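Asker: Take a look at start_29.txt, compact mmCIF, C-alpha atoms:
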# COMPACT_ATOMS: atom_id res chain seq x y z
CA MET A 28 138.68 105.98 92.52
CA ASN A 29 137.34 102.54 91.75
CA GLU A 30 135.13 102.79 88.69
CA THR A 31 133.61 99.98 86.67
CA LEU A 32 134.26 100.11 82.94
CA LEU A 33 132.00 97.99 80.70
CA ILE A 34 133.16 97.25 77.16
CA ILE A 35 130.54 96.02 74.69
CA ASP A 36 131.71 94.62 71.35
CA ASP A 37 130.62 91.83 69.03
CA ASP A 38 134.19 90.58 68.52
CA GLN A 39 135.63 88.40 71.30
CA GLN A 40 139.23 89.14 70.23
CA THR A 41 138.59 92.87 70.57
CA LEU A 42 137.09 92.35 74.02
CA ASP A 43 140.07 90.21 75.06
CA MET A 44 142.47 92.84 73.73
CA PHE A 45 140.70 95.63 75.65
CA ALA A 46 140.53 93.55 78.81
CA THR A 47 144.26 92.77 78.73
CA THR A 48 145.67 96.04 77.44
CA LEU A 49 143.39 98.37 79.38
CA GLU A 50 144.72 97.49 82.78
CA LEU A 51 143.97 100.90 84.20
CA PRO A 52 144.51 101.72 87.84
CA GLY A 53 141.22 102.58 89.48
CA TYR A 54 139.07 100.72 86.94
CA THR A 55 137.47 97.31 87.12
CA ILE A 56 136.95 96.16 83.54
CA THR A 57 134.05 93.95 82.51
CA THR A 58 133.13 92.91 78.98
CA ALA A 59 129.98 91.88 77.15
CA LEU A 60 129.75 90.12 73.79
CA GLY A 61 127.19 91.95 71.65
CA GLY A 62 124.42 94.45 72.24
CA PRO A 63 121.84 92.34 74.11
CA ASP A 64 124.45 90.95 76.53
CA GLY A 65 125.88 94.43 76.92
CA ILE A 66 122.52 95.95 77.85
CA GLU A 67 121.90 93.12 80.31
CA SER A 68 125.35 93.69 81.85
CA TYR A 69 124.73 97.43 82.06
CA MET A 70 121.35 97.02 83.76
CA ARG A 71 122.76 94.51 86.23
CA ASP A 72 126.03 96.25 87.12
CA ARG A 73 125.41 99.95 86.33
CA PRO A 74 129.03 100.66 85.37
CA ALA A 75 130.40 104.18 85.64
CA ILE A 76 131.58 104.20 82.02
CA THR A 77 130.49 102.10 79.06
CA LEU A 78 132.41 101.70 75.79
CA VAL A 79 130.20 100.44 72.97
CA ASP A 80 131.17 99.27 69.50
CA LEU A 81 129.03 101.14 67.01
CA TRP A 82 128.58 98.46 64.35
CA MET A 83 127.31 95.18 65.79
CA PRO A 84 124.94 92.82 63.97
CA ASP A 85 122.50 91.99 66.79
CA LYS A 86 122.06 95.50 68.21
CA ASP A 87 124.17 98.37 67.00
CA GLY A 88 125.79 100.90 69.28
CA PHE A 89 123.07 103.48 68.66
CA GLN A 90 120.40 101.02 69.86
CA VAL A 91 122.48 100.12 72.92
CA LEU A 92 123.03 103.82 73.64
CA ARG A 93 119.28 104.57 73.37
CA GLU A 94 118.37 101.70 75.72
CA ILE A 95 120.97 102.72 78.28
CA ARG A 96 119.92 106.38 78.06
CA ALA A 97 116.27 105.36 78.55
CA GLN A 98 117.26 103.83 81.90
CA ASP A 99 119.93 106.36 82.87
CA PRO A 100 119.99 109.68 80.98
CA GLU A 101 123.24 110.65 82.73
CA ALA A 102 125.17 107.49 81.80
CA GLU A 103 128.68 107.86 80.39
CA VAL A 104 128.42 105.96 77.10
CA ILE A 105 131.32 106.22 74.67
CA LEU A 106 130.80 104.94 71.13
CA MET A 107 133.74 103.44 69.26
CA THR A 108 134.18 102.22 65.71
CA SER A 109 136.81 101.41 63.14
CA HIS A 110 134.60 102.60 60.27
CA SER A 111 133.57 106.22 60.52
CA ASP A 112 132.87 109.34 58.62
CA LYS A 113 131.69 112.81 59.55
CA ASN A 114 128.01 111.83 59.39
CA THR A 115 128.55 108.93 61.79
CA MET A 116 130.31 111.20 64.25
CA LEU A 117 127.51 113.76 64.01
CA ALA A 118 124.91 111.03 64.49
CA ALA A 119 126.76 109.89 67.63
CA LEU A 120 126.71 113.42 69.01
CA ARG A 121 123.01 113.80 68.17
CA ALA A 122 122.33 110.52 69.98
CA TYR A 123 124.02 112.06 73.05
CA ALA A 124 127.03 109.78 73.14
CA SER A 125 129.41 111.00 75.83
CA ASP A 126 132.33 110.66 73.44
CA PHE A 127 133.31 109.05 70.15
CA VAL A 128 136.51 107.04 69.57
CA LEU A 129 138.04 105.57 66.43
CA LYS A 130 139.54 102.08 66.65
CA PRO A 131 142.25 101.05 66.92
CA VAL A 132 142.49 103.14 70.05
CA SER A 133 145.91 104.13 71.33
CA HIS A 134 146.56 103.93 75.05
CA GLU A 135 147.05 107.71 75.14
CA VAL A 136 143.72 108.39 73.42
CA MET A 137 141.93 105.96 75.73
CA ASP A 138 143.51 107.59 78.78
CA ASN A 139 142.27 110.99 77.59
CA VAL A 140 138.77 109.71 76.81
CA LEU A 141 138.48 107.99 80.19
CA ARG A 142 139.89 111.02 82.01
CA ARG A 143 137.24 113.25 80.39
CA ALA A 144 134.53 110.72 81.25
CA HIS A 145 135.76 110.55 84.84
CA GLN A 146 135.76 114.36 85.07
CA ARG A 147 132.16 114.45 83.80
CA LEU A 148 131.24 111.80 86.38
CA GLN A 149 132.83 113.86 89.15
CA VAL A 150 130.90 116.96 88.07
CA LYS A 151 127.64 114.98 87.92
CA ARG A 152 128.27 113.51 91.36
CA LYS A 153 129.07 116.93 92.83
CA LEU A 154 125.93 118.33 91.24
CA GLN A 155 123.87 115.44 92.62
CA ALA A 156 125.35 115.97 96.09
CA ALA A 157 124.61 119.70 95.87
CA GLN A 158 121.04 119.00 94.74
CA THR A 159 120.58 116.54 97.60
CA ALA A 160 121.95 119.07 100.10
CA LEU A 161 119.74 121.79 98.62
CA GLN A 162 116.66 119.55 98.87
CA ALA A 163 117.51 118.70 102.50
CA SER A 164 117.98 122.39 103.26
CA HIS A 165 114.69 123.20 101.52
CA THR A 166 112.88 120.51 103.53
CA ASN A 167 114.44 121.80 106.75
CA LEU A 168 113.37 125.36 105.95
CA GLU A 169 109.84 124.22 105.14
CA GLN A 170 109.68 122.45 108.51
CA GLN A 171 110.97 125.56 110.29
CA VAL A 172 108.43 127.76 108.50
CA ALA A 173 105.62 125.33 109.36
CA ALA A 174 106.70 125.26 113.03
CA ARG A 175 107.02 129.05 113.19
CA THR A 176 103.65 129.47 111.44
CA ALA A 177 102.03 127.18 114.01
CA GLU A 178 103.64 129.22 116.82
CA LEU A 179 102.40 132.48 115.29
CA GLU A 180 98.89 131.08 114.83
CA ALA A 181 98.87 129.97 118.49
CA ALA A 182 100.12 133.40 119.57
CA ASN A 183 97.48 135.06 117.39
CA ARG A 184 94.71 132.90 118.97
CA ALA A 185 96.00 133.78 122.45
CA LEU A 186 96.03 137.47 121.52
CA ARG A 187 92.43 137.32 120.22
CA GLU A 188 91.34 135.53 123.42
CA SER A 189 93.15 138.17 125.48
CA GLU A 190 91.49 140.97 123.52
CA ALA A 191 88.09 139.35 124.02
CA ARG A 192 88.70 139.13 127.81
CA TYR A 193 89.91 142.72 127.84
CA ARG A 194 86.76 143.92 126.05
CA GLU A 195 84.63 141.89 128.42
CA LEU A 196 86.41 143.44 131.40
CA ALA A 197 86.26 146.92 129.91
CA GLY A 198 82.53 146.46 129.26
CA SER A 199 81.98 145.36 132.87
CA ILE A 200 83.74 148.44 134.20
CA THR A 201 81.40 150.84 132.38
CA ASP A 202 78.39 148.84 133.59
CA MET A 203 79.48 149.29 137.17
What would you get if you wrote out this structure as structure tokens?

Answerer:
Amino acid sequence: MNETLLIIDDDQQTLDMFATTLELPGYTITTALGGPDGIESYMRDRPAITLVDLWMPDKDGFQVLREIRAQDPEAEVILMTSHSDKNTMLAALRAYASDFVLKPVSHEVMDNVLRRAHQRLQVKRKLQAAQTALQASHTNLEQQVAARTAELEAANRALRESEARYRELAGSITDM
């Protein structure tokens, strides 16, 4: 597994802390300072998982989430904040955040969040592969049906021609 993890936050110290403490095997970590830079980074790099700070002055996490979802409805976007209440968590779920994390985030919590995100990615990838295989199978079957239909139409034409010759011959016999 070599997944890209994008962290979007408006605080450079937080980004530095995440970049140094989240040295996770199998993940390449990139960071973006603020919402606009984060969206630009997402569109350019298409990371597997994106962690977004919820409360940023230029573009909040909900706006970033909506813009990412508009481009990629299946994106793994995890919202994080140090200021939260039940309504904020519900709003995150309604906005289709993949997960919601309270800062400061312990290493154990982050491992669990990323493991769940990775599992969802694996399921999505398997589903996509199955859909691709199904579409290929469907296309193959359509081609086989078209070929067999053409063969049957040719056989049907040959049969009609044979019947016409038979009737012509049978009509000639009675005339004799």

Asker: I'd like to know which of A:Thr55, A:Val91, A:Met83, A:Arg96 is closest to Thr108 of chain A, using all atoms listed in the file.

Answerer: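 For Thr108 of chain A, the nearest of the candidates is A:Met83.
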
Asker: Which of these residues is nearest to Trp82 of chain A, using only C-alpha atoms: A:Arg192, A:Lys151, A:His110, A:Arg187?

Answerer: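 Answer, going by the shortest atom-to-atom distance: A:His110.
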
Asker: Go ahead and compute the interatomic distance for atom CA of Ser111 of chain A and atom CA of Phe127 of chain A, in Å to one decimal.

Answerer: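 Going from atom CA of Ser111 of chain A over to atom CA of Phe127 of chain A, I get 10.0 Å.
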
Asker: Skip Asp64 of chain A itself and residues of its chain fewer than 6 positions away, then list as an MDAnalysis selection string all residues within 12 Å of it, counting only C-alpha atoms.

Answerer: chainID A and resid 33:37 57:58 70:72 79 83 85:86 91

Asker: How many Å lie between atom CA of Thr47 of chain A and atom CA of Ser68 of chain A, rounded to one decimal?

Answerer: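 Between atom CA of Thr47 of chain A and atom CA of Ser68 of chain A the gap is 19.2 Å.
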
Asker: Pick out the residues sitting within 12 Å of Arg143 of chain A, and hand them over as number ranges by chain; count only C-alpha atoms, and ignore anything fewer than 4 positions along from it in its own chain.

Answerer: A: 76, 103-105, 125-127, 136-139, 147-150

Asker: Separation of atom CA of Glu101 of chain A and atom CA of Leu60 of chain A, in Å?

Answerer: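 We find that atom CA of Glu101 of chain A and atom CA of Leu60 of chain A lie 23.3 Å from each other.
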
Asker: Out of A:Gln170, A:Gln146, A:Gln155, A:Gln98, which residue has the shortest atom-to-atom distance to Glu67 of chain A when counting all atoms listed in the file?

Answerer: A:Gln98

Asker: Determine, counting all atoms listed in the file, which protein, DNA and RNA residues have an atom within 9 Å of an atom of Gln39 of chain A; residues of the same chain fewer than 4 positions away are not included. Present the result as a PyMOL selection string.

Answerer: chain A and resi 43-44+59-60

Asker: Can you pull out the residues contacting Ser133 of chain A? Cut-off 12 Å, using all atoms listed in the file, and skip same-chain residues under 5 positions away; I want them as a ChimeraX atom specification.

Answerer: /A:45,48-49,128,138-140

Asker: Please complete segment 88-109 of chain A with N, CA and C atoms and give it back as a short mmCIF file (atom, residue, chain, number, x, y, z; two decimals), in the coordinates of the input.

Answerer:
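rebuild_1.cif written:
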data_model
loop_
_atom_site.label_atom_id
_atom_site.label_comp_id
_atom_site.auth_asym_id
_atom_site.auth_seq_id
_atom_site.Cartn_x
_atom_site.Cartn_y
_atom_site.Cartn_z
N GLY A 88 125.45 100.01 68.18
CA GLY A 88 125.79 100.90 69.28
C GLY A 88 124.76 101.98 69.54
N PHE A 89 124.11 102.46 68.48
CA PHE A 89 123.07 103.48 68.66
C PHE A 89 121.88 102.91 69.45
N GLN A 90 121.49 101.66 69.13
CA GLN A 90 120.40 101.02 69.86
C GLN A 90 120.78 100.80 71.33
N VAL A 91 122.00 100.34 71.54
CA VAL A 91 122.48 100.12 72.92
C VAL A 91 122.48 101.46 73.66
N LEU A 92 123.00 102.49 73.02
CA LEU A 92 123.03 103.82 73.64
C LEU A 92 121.62 104.28 74.01
N ARG A 93 120.66 104.13 73.09
CA ARG A 93 119.28 104.57 73.37
C ARG A 93 118.69 103.80 74.56
N GLU A 94 118.92 102.49 74.62
CA GLU A 94 118.37 101.70 75.72
C GLU A 94 119.00 102.07 77.06
N ILE A 95 120.30 102.31 77.05
CA ILE A 95 120.97 102.72 78.28
C ILE A 95 120.47 104.10 78.71
N ARG A 96 120.39 105.02 77.76
CA ARG A 96 119.92 106.38 78.06
C ARG A 96 118.48 106.38 78.58
N ALA A 97 117.65 105.45 78.07
CA ALA A 97 116.27 105.36 78.55
C ALA A 97 116.23 105.01 80.03
N GLN A 98 117.20 104.22 80.49
CA GLN A 98 117.26 103.83 81.90
C GLN A 98 118.04 104.83 82.74
N ASP A 99 119.05 105.45 82.13
CA ASP A 99 119.93 106.36 82.87
C ASP A 99 120.39 107.48 81.93
N PRO A 100 119.65 108.58 81.90
CA PRO A 100 119.99 109.68 80.98
C PRO A 100 121.38 110.28 81.22
N GLU A 101 121.93 110.08 82.40
CA GLU A 101 123.24 110.65 82.73
C GLU A 101 124.40 109.68 82.52
N ALA A 102 124.14 108.51 81.97
CA ALA A 102 125.17 107.49 81.80
C ALA A 102 126.30 107.99 80.90
N GLU A 103 127.50 107.56 81.22
CA GLU A 103 128.68 107.86 80.39
C GLU A 103 128.83 106.73 79.38
N VAL A 104 128.37 106.97 78.16
CA VAL A 104 128.42 105.96 77.10
C VAL A 104 129.28 106.51 75.97
N ILE A 105 130.37 105.81 75.70
CA ILE A 105 131.32 106.22 74.67
C ILE A 105 131.20 105.25 73.50
N LEU A 106 130.90 105.78 72.33
CA LEU A 106 130.80 104.94 71.13
C LEU A 106 132.17 104.83 70.48
N MET A 107 132.46 103.64 69.94
CA MET A 107 133.74 103.44 69.26
C MET A 107 133.51 102.64 67.99
N THR A 108 134.31 102.93 66.98
CA THR A 108 134.18 102.22 65.71
C THR A 108 135.48 102.31 64.93
N SER A 109 135.64 101.36 64.03
CA SER A 109 136.81 101.41 63.14
C SER A 109 136.40 101.94 61.77
#
